[in-house]
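File shown: structure_4.cif (mmCIF, C-alpha atoms).
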data_coords
loop_
_atom_site.label_atom_id
_atom_site.label_comp_id
_atom_site.auth_asym_id
_atom_site.auth_seq_id
_atom_site.Cartn_x
_atom_site.Cartn_y
_atom_site.Cartn_z
CA MET R 247 15.63 -44.86 28.04
CA THR R 248 16.54 -47.96 30.03
CA LYS R 249 13.90 -49.68 32.07
CA TYR R 250 14.81 -52.11 34.80
CA LYS R 251 13.16 -55.31 35.91
CA ILE R 252 13.17 -56.82 39.36
CA ASN R 253 15.01 -60.12 39.44
CA LYS R 254 12.59 -63.03 39.44
CA GLY R 255 12.62 -65.07 42.61
CA LEU R 256 12.86 -62.08 44.92
CA ILE R 257 10.09 -61.44 47.40
CA SER R 258 9.47 -57.80 48.23
CA GLN R 259 7.18 -56.35 50.86
CA LYS R 260 6.46 -52.74 51.75
CA LEU R 261 6.41 -52.22 55.52
CA ASP R 262 5.35 -48.71 56.52
CA LYS R 263 7.95 -46.49 54.79
CA GLU R 264 10.52 -49.26 54.30
CA THR R 265 10.78 -52.12 51.84
CA VAL R 266 12.11 -55.56 52.67
CA ILE R 267 13.38 -57.85 49.91
CA PHE R 268 14.18 -61.51 50.44
CA ASP R 269 16.39 -63.50 48.08
CA ALA R 270 15.48 -67.10 48.86
CA ASP R 271 18.22 -68.54 46.62
CA LYS R 272 20.94 -66.80 48.63
CA SER R 273 19.05 -66.54 51.94
CA VAL R 274 19.70 -62.80 51.98
CA LEU R 275 17.42 -60.08 53.32
CA PHE R 276 17.69 -56.47 52.10
CA THR R 277 16.02 -53.58 53.93
CA PHE R 278 15.50 -50.27 52.15
CA ASN R 279 14.80 -46.98 53.90
CA GLU R 280 12.05 -44.61 52.72
CA THR R 281 14.08 -42.97 49.95
CA VAL R 282 15.51 -46.19 48.54
CA SER R 283 12.02 -47.72 48.80
CA PHE R 284 10.69 -44.86 46.66
CA ILE R 285 13.39 -45.42 44.03
CA PHE R 286 12.89 -49.21 44.08
CA ALA R 287 9.11 -48.85 43.71
CA LYS R 288 9.48 -46.54 40.72
CA LEU R 289 11.98 -48.83 38.98
CA LYS R 290 9.74 -51.81 39.75
CA SER R 291 6.75 -50.05 38.20
CA GLY R 292 8.68 -49.45 34.95
CA TRP R 293 10.00 -45.92 35.40
CA ASP R 294 13.33 -45.27 33.71
CA LYS R 295 16.27 -43.59 35.44
CA GLU R 296 15.40 -40.06 34.28
CA LYS R 297 11.76 -40.27 35.38
CA THR R 298 12.84 -41.72 38.73
CA VAL R 299 15.26 -38.81 39.23
CA SER R 300 12.49 -36.31 38.45
CA GLY R 301 10.14 -38.04 40.89
CA LEU R 302 12.81 -38.00 43.60
CA VAL R 303 13.45 -34.27 43.08
CA LYS R 304 9.74 -33.51 43.28
CA LYS R 305 8.94 -35.71 46.29
CA TYR R 306 11.98 -34.94 48.45
CA ASP R 307 12.90 -31.43 47.21
CA VAL R 308 16.52 -32.34 46.48
CA GLU R 309 18.85 -30.94 43.83
CA LYS R 310 18.64 -32.72 40.48
CA LYS R 311 22.40 -33.32 40.36
CA GLU R 312 22.33 -34.98 43.79
CA ALA R 313 19.30 -37.10 42.84
CA GLU R 314 21.01 -38.22 39.61
CA LYS R 315 24.09 -39.28 41.57
CA ASP R 316 22.04 -41.13 44.20
CA VAL R 317 19.83 -42.95 41.68
CA ALA R 318 22.83 -43.97 39.55
CA HIS R 319 24.65 -45.26 42.65
CA LEU R 320 21.61 -47.25 43.80
CA ILE R 321 21.01 -48.75 40.36
CA THR R 322 24.65 -49.87 40.25
CA LYS R 323 24.37 -51.43 43.73
CA MET R 324 21.06 -53.13 42.96
CA LYS R 325 22.48 -54.57 39.73
CA LYS R 326 25.57 -55.82 41.56
CA LYS R 327 23.40 -57.52 44.19
CA LYS R 328 21.17 -58.85 41.39
CA ILE R 329 18.05 -57.13 42.71
CA ILE R 330 17.39 -55.53 39.32
CA VAL R 331 18.40 -56.52 35.81
#
If you convert what's in this file into structure tokens, what do you get?
Amino acid sequence: MTKYKINKGLISQKLDKETVIFDADKSVLFTFNETVSFIFAKLKSGWDKEKTVSGLVKKYDVEKKEAEKDVAHLITKMKKKKIIV
């Protein structure tokens, strides 16, 4: 059960159904759509990967296998961009 933390120094703001994250050190702005915002919010609040997948399946009525693939892909991308650790 791995929990992720949001990288310190990032500023995140929820705007309607999107989330905007600013990395001041790199002067980079990330914009997440509604689905990615949901995943980011759950990881930020301490949910592990499995609980996030379950939440995604319930909220968006998607297949579990597809949700697992999407969450794993996003976690990999967020780690690579140093949004989560």
- Message: Could you list, as a PyMOL selection string, every residue matched by the PyMOL selection byres ((chain R and resi 273-278) around 10) in this structure?
- Response: chain R and resi 256-261+263-272+279-286+327+329
- Separation of atom CA of R:Asp262 from atom CA of R:Ala318 in Å: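 Computed distance, atom CA of R:Ala318 to atom CA of R:Asp262, equals 24.8 Å.
Our summary of the geometry notes that atom CA of R:Lys304 is positioned 14.5 Å from atom CA of R:Asp316.
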- Mind checking which residues fall within 12 Å of R:Gly301, counting all atoms listed in the file, ignoring those fewer than 4 positions away in the same chain, and posting them as a list of chain:residue names? R:Thr281, R:Phe284, R:Ile285, R:Phe286, R:Ala287, R:Lys288, R:Leu289, R:Trp293, R:Asp294, R:Lys295, R:Glu296, R:Lys297, R:Lys305, R:Tyr306, R:Asp307, R:Val308, R:Glu309, R:Lys310, R:Ala313, R:Glu314, R:Val317
- Between atom CA of R:Val331 and atom CA of R:Thr298, distance in Å (one decimal):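 Separation of atom CA of R:Val331 and atom CA of R:Thr298: 16.1 Å.
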Reference answer for the PyMOL selection byres ((chain R and resi 252) around 6), as a compact mmCIF listing (two decimals) with C-alpha atoms, in the coordinates of the input:
# COMPACT_ATOMS: atom_id res chain seq x y z
CA LYS R 251 13.16 -55.31 35.91
CA ASN R 253 15.01 -60.12 39.44
CA ILE R 329 18.05 -57.13 42.71
CA ILE R 330 17.39 -55.53 39.32
- Written as a list in words, what is the full residue list that the PyMOL selection byres ((chain R and resi 249) around 6) yields on the file shown? Thr248, Tyr250, Gly292 and Asp294 of chain R
Would you export the selected residues with C-alpha atoms as a PDB file, in the frame of the given file, please?
ATOM      1  CA  THR R 248      16.540 -47.960  30.030  1.00  0.00           C
ATOM      2  CA  TYR R 250      14.810 -52.110  34.800  1.00  0.00           C
ATOM      3  CA  GLY R 292       8.680 -49.450  34.950  1.00  0.00           C
ATOM      4  CA  ASP R 294      13.330 -45.270  33.710  1.00  0.00           C
TER       5      ASP R 294
END
Axis-aligned box over every listed atom of stretch 321-325 of chain R, padded by 3 Å per side: centre and edges in Å to one decimal, as lines of an AutoDock Vina configuration file?
center_x = 22.8
center_y = -51.7
center_z = 41.7
size_x = 9.6
size_y = 11.8
size_z = 10.0
Only N, CA and C atoms needed: put stretch 292-314 of chain R from the block into a file as a PDB file, in the first residue's frame.
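part.pdb, freshly written:
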ATOM      1  N   GLY R 292      -3.999  11.371   0.510  1.00  0.00           N
ATOM      2  CA  GLY R 292      -3.444  10.196   1.173  1.00  0.00           C
ATOM      3  C   GLY R 292      -3.983   8.853   0.695  1.00  0.00           C
ATOM      4  N   TRP R 293      -4.840   8.872  -0.324  1.00  0.00           N
ATOM      5  CA  TRP R 293      -5.335   7.602  -0.846  1.00  0.00           C
ATOM      6  C   TRP R 293      -4.201   6.874  -1.552  1.00  0.00           C
ATOM      7  N   ASP R 294      -4.165   5.548  -1.424  1.00  0.00           N
ATOM      8  CA  ASP R 294      -3.193   4.762  -2.160  1.00  0.00           C
ATOM      9  C   ASP R 294      -3.737   4.486  -3.566  1.00  0.00           C
ATOM     10  N   LYS R 295      -2.932   3.823  -4.370  1.00  0.00           N
ATOM     11  CA  LYS R 295      -3.296   3.561  -5.765  1.00  0.00           C
ATOM     12  C   LYS R 295      -4.593   2.756  -5.881  1.00  0.00           C
ATOM     13  N   GLU R 296      -4.727   1.713  -5.065  1.00  0.00           N
ATOM     14  CA  GLU R 296      -5.894   0.835  -5.153  1.00  0.00           C
ATOM     15  C   GLU R 296      -7.181   1.559  -4.790  1.00  0.00           C
ATOM     16  N   LYS R 297      -7.132   2.366  -3.734  1.00  0.00           N
ATOM     17  CA  LYS R 297      -8.318   3.120  -3.316  1.00  0.00           C
ATOM     18  C   LYS R 297      -8.672   4.167  -4.371  1.00  0.00           C
ATOM     19  N   THR R 298      -7.670   4.777  -4.977  1.00  0.00           N
ATOM     20  CA  THR R 298      -7.900   5.765  -6.029  1.00  0.00           C
ATOM     21  C   THR R 298      -8.574   5.112  -7.231  1.00  0.00           C
ATOM     22  N   VAL R 299      -8.113   3.918  -7.599  1.00  0.00           N
ATOM     23  CA  VAL R 299      -8.725   3.171  -8.710  1.00  0.00           C
ATOM     24  C   VAL R 299     -10.193   2.899  -8.390  1.00  0.00           C
ATOM     25  N   SER R 300     -10.470   2.421  -7.191  1.00  0.00           N
ATOM     26  CA  SER R 300     -11.854   2.130  -6.795  1.00  0.00           C
ATOM     27  C   SER R 300     -12.726   3.378  -6.853  1.00  0.00           C
ATOM     28  N   GLY R 301     -12.195   4.496  -6.386  1.00  0.00           N
ATOM     29  CA  GLY R 301     -12.927   5.762  -6.440  1.00  0.00           C
ATOM     30  C   GLY R 301     -13.211   6.204  -7.857  1.00  0.00           C
ATOM     31  N   LEU R 302     -12.237   6.004  -8.737  1.00  0.00           N
ATOM     32  CA  LEU R 302     -12.390   6.367 -10.151  1.00  0.00           C
ATOM     33  C   LEU R 302     -13.463   5.516 -10.811  1.00  0.00           C
ATOM     34  N   VAL R 303     -13.467   4.222 -10.531  1.00  0.00           N
ATOM     35  CA  VAL R 303     -14.469   3.300 -11.080  1.00  0.00           C
ATOM     36  C   VAL R 303     -15.864   3.728 -10.626  1.00  0.00           C
ATOM     37  N   LYS R 304     -15.985   4.039  -9.351  1.00  0.00           N
ATOM     38  CA  LYS R 304     -17.289   4.413  -8.797  1.00  0.00           C
ATOM     39  C   LYS R 304     -17.781   5.751  -9.355  1.00  0.00           C
ATOM     40  N   LYS R 305     -16.908   6.750  -9.381  1.00  0.00           N
ATOM     41  CA  LYS R 305     -17.322   8.098  -9.797  1.00  0.00           C
ATOM     42  C   LYS R 305     -17.602   8.192 -11.293  1.00  0.00           C
ATOM     43  N   TYR R 306     -16.770   7.546 -12.116  1.00  0.00           N
ATOM     44  CA  TYR R 306     -16.875   7.719 -13.565  1.00  0.00           C
ATOM     45  C   TYR R 306     -17.414   6.490 -14.295  1.00  0.00           C
ATOM     46  N   ASP R 307     -17.785   5.445 -13.546  1.00  0.00           N
ATOM     47  CA  ASP R 307     -18.368   4.239 -14.140  1.00  0.00           C
ATOM     48  C   ASP R 307     -17.506   3.696 -15.283  1.00  0.00           C
ATOM     49  N   VAL R 308     -16.223   3.491 -14.984  1.00  0.00           N
ATOM     50  CA  VAL R 308     -15.297   2.920 -15.966  1.00  0.00           C
ATOM     51  C   VAL R 308     -14.904   1.519 -15.506  1.00  0.00           C
ATOM     52  N   GLU R 309     -14.384   0.740 -16.426  1.00  0.00           N
ATOM     53  CA  GLU R 309     -13.925  -0.611 -16.101  1.00  0.00           C
ATOM     54  C   GLU R 309     -12.708  -0.526 -15.182  1.00  0.00           C
ATOM     55  N   LYS R 310     -12.622  -1.450 -14.226  1.00  0.00           N
ATOM     56  CA  LYS R 310     -11.523  -1.446 -13.272  1.00  0.00           C
ATOM     57  C   LYS R 310     -10.169  -1.580 -13.967  1.00  0.00           C
ATOM     58  N   LYS R 311     -10.092  -2.433 -14.969  1.00  0.00           N
ATOM     59  CA  LYS R 311      -8.823  -2.641 -15.679  1.00  0.00           C
ATOM     60  C   LYS R 311      -8.358  -1.346 -16.352  1.00  0.00           C
ATOM     61  N   GLU R 312      -9.289  -0.615 -16.950  1.00  0.00           N
ATOM     62  CA  GLU R 312      -8.958   0.655 -17.604  1.00  0.00           C
ATOM     63  C   GLU R 312      -8.532   1.699 -16.560  1.00  0.00           C
ATOM     64  N   ALA R 313      -9.237   1.737 -15.430  1.00  0.00           N
ATOM     65  CA  ALA R 313      -8.895   2.681 -14.362  1.00  0.00           C
ATOM     66  C   ALA R 313      -7.508   2.380 -13.798  1.00  0.00           C
ATOM     67  N   GLU R 314      -7.195   1.094 -13.612  1.00  0.00           N
ATOM     68  CA  GLU R 314      -5.869   0.707 -13.108  1.00  0.00           C
ATOM     69  C   GLU R 314      -4.776   1.177 -14.058  1.00  0.00           C
TER      70      GLU R 314
END
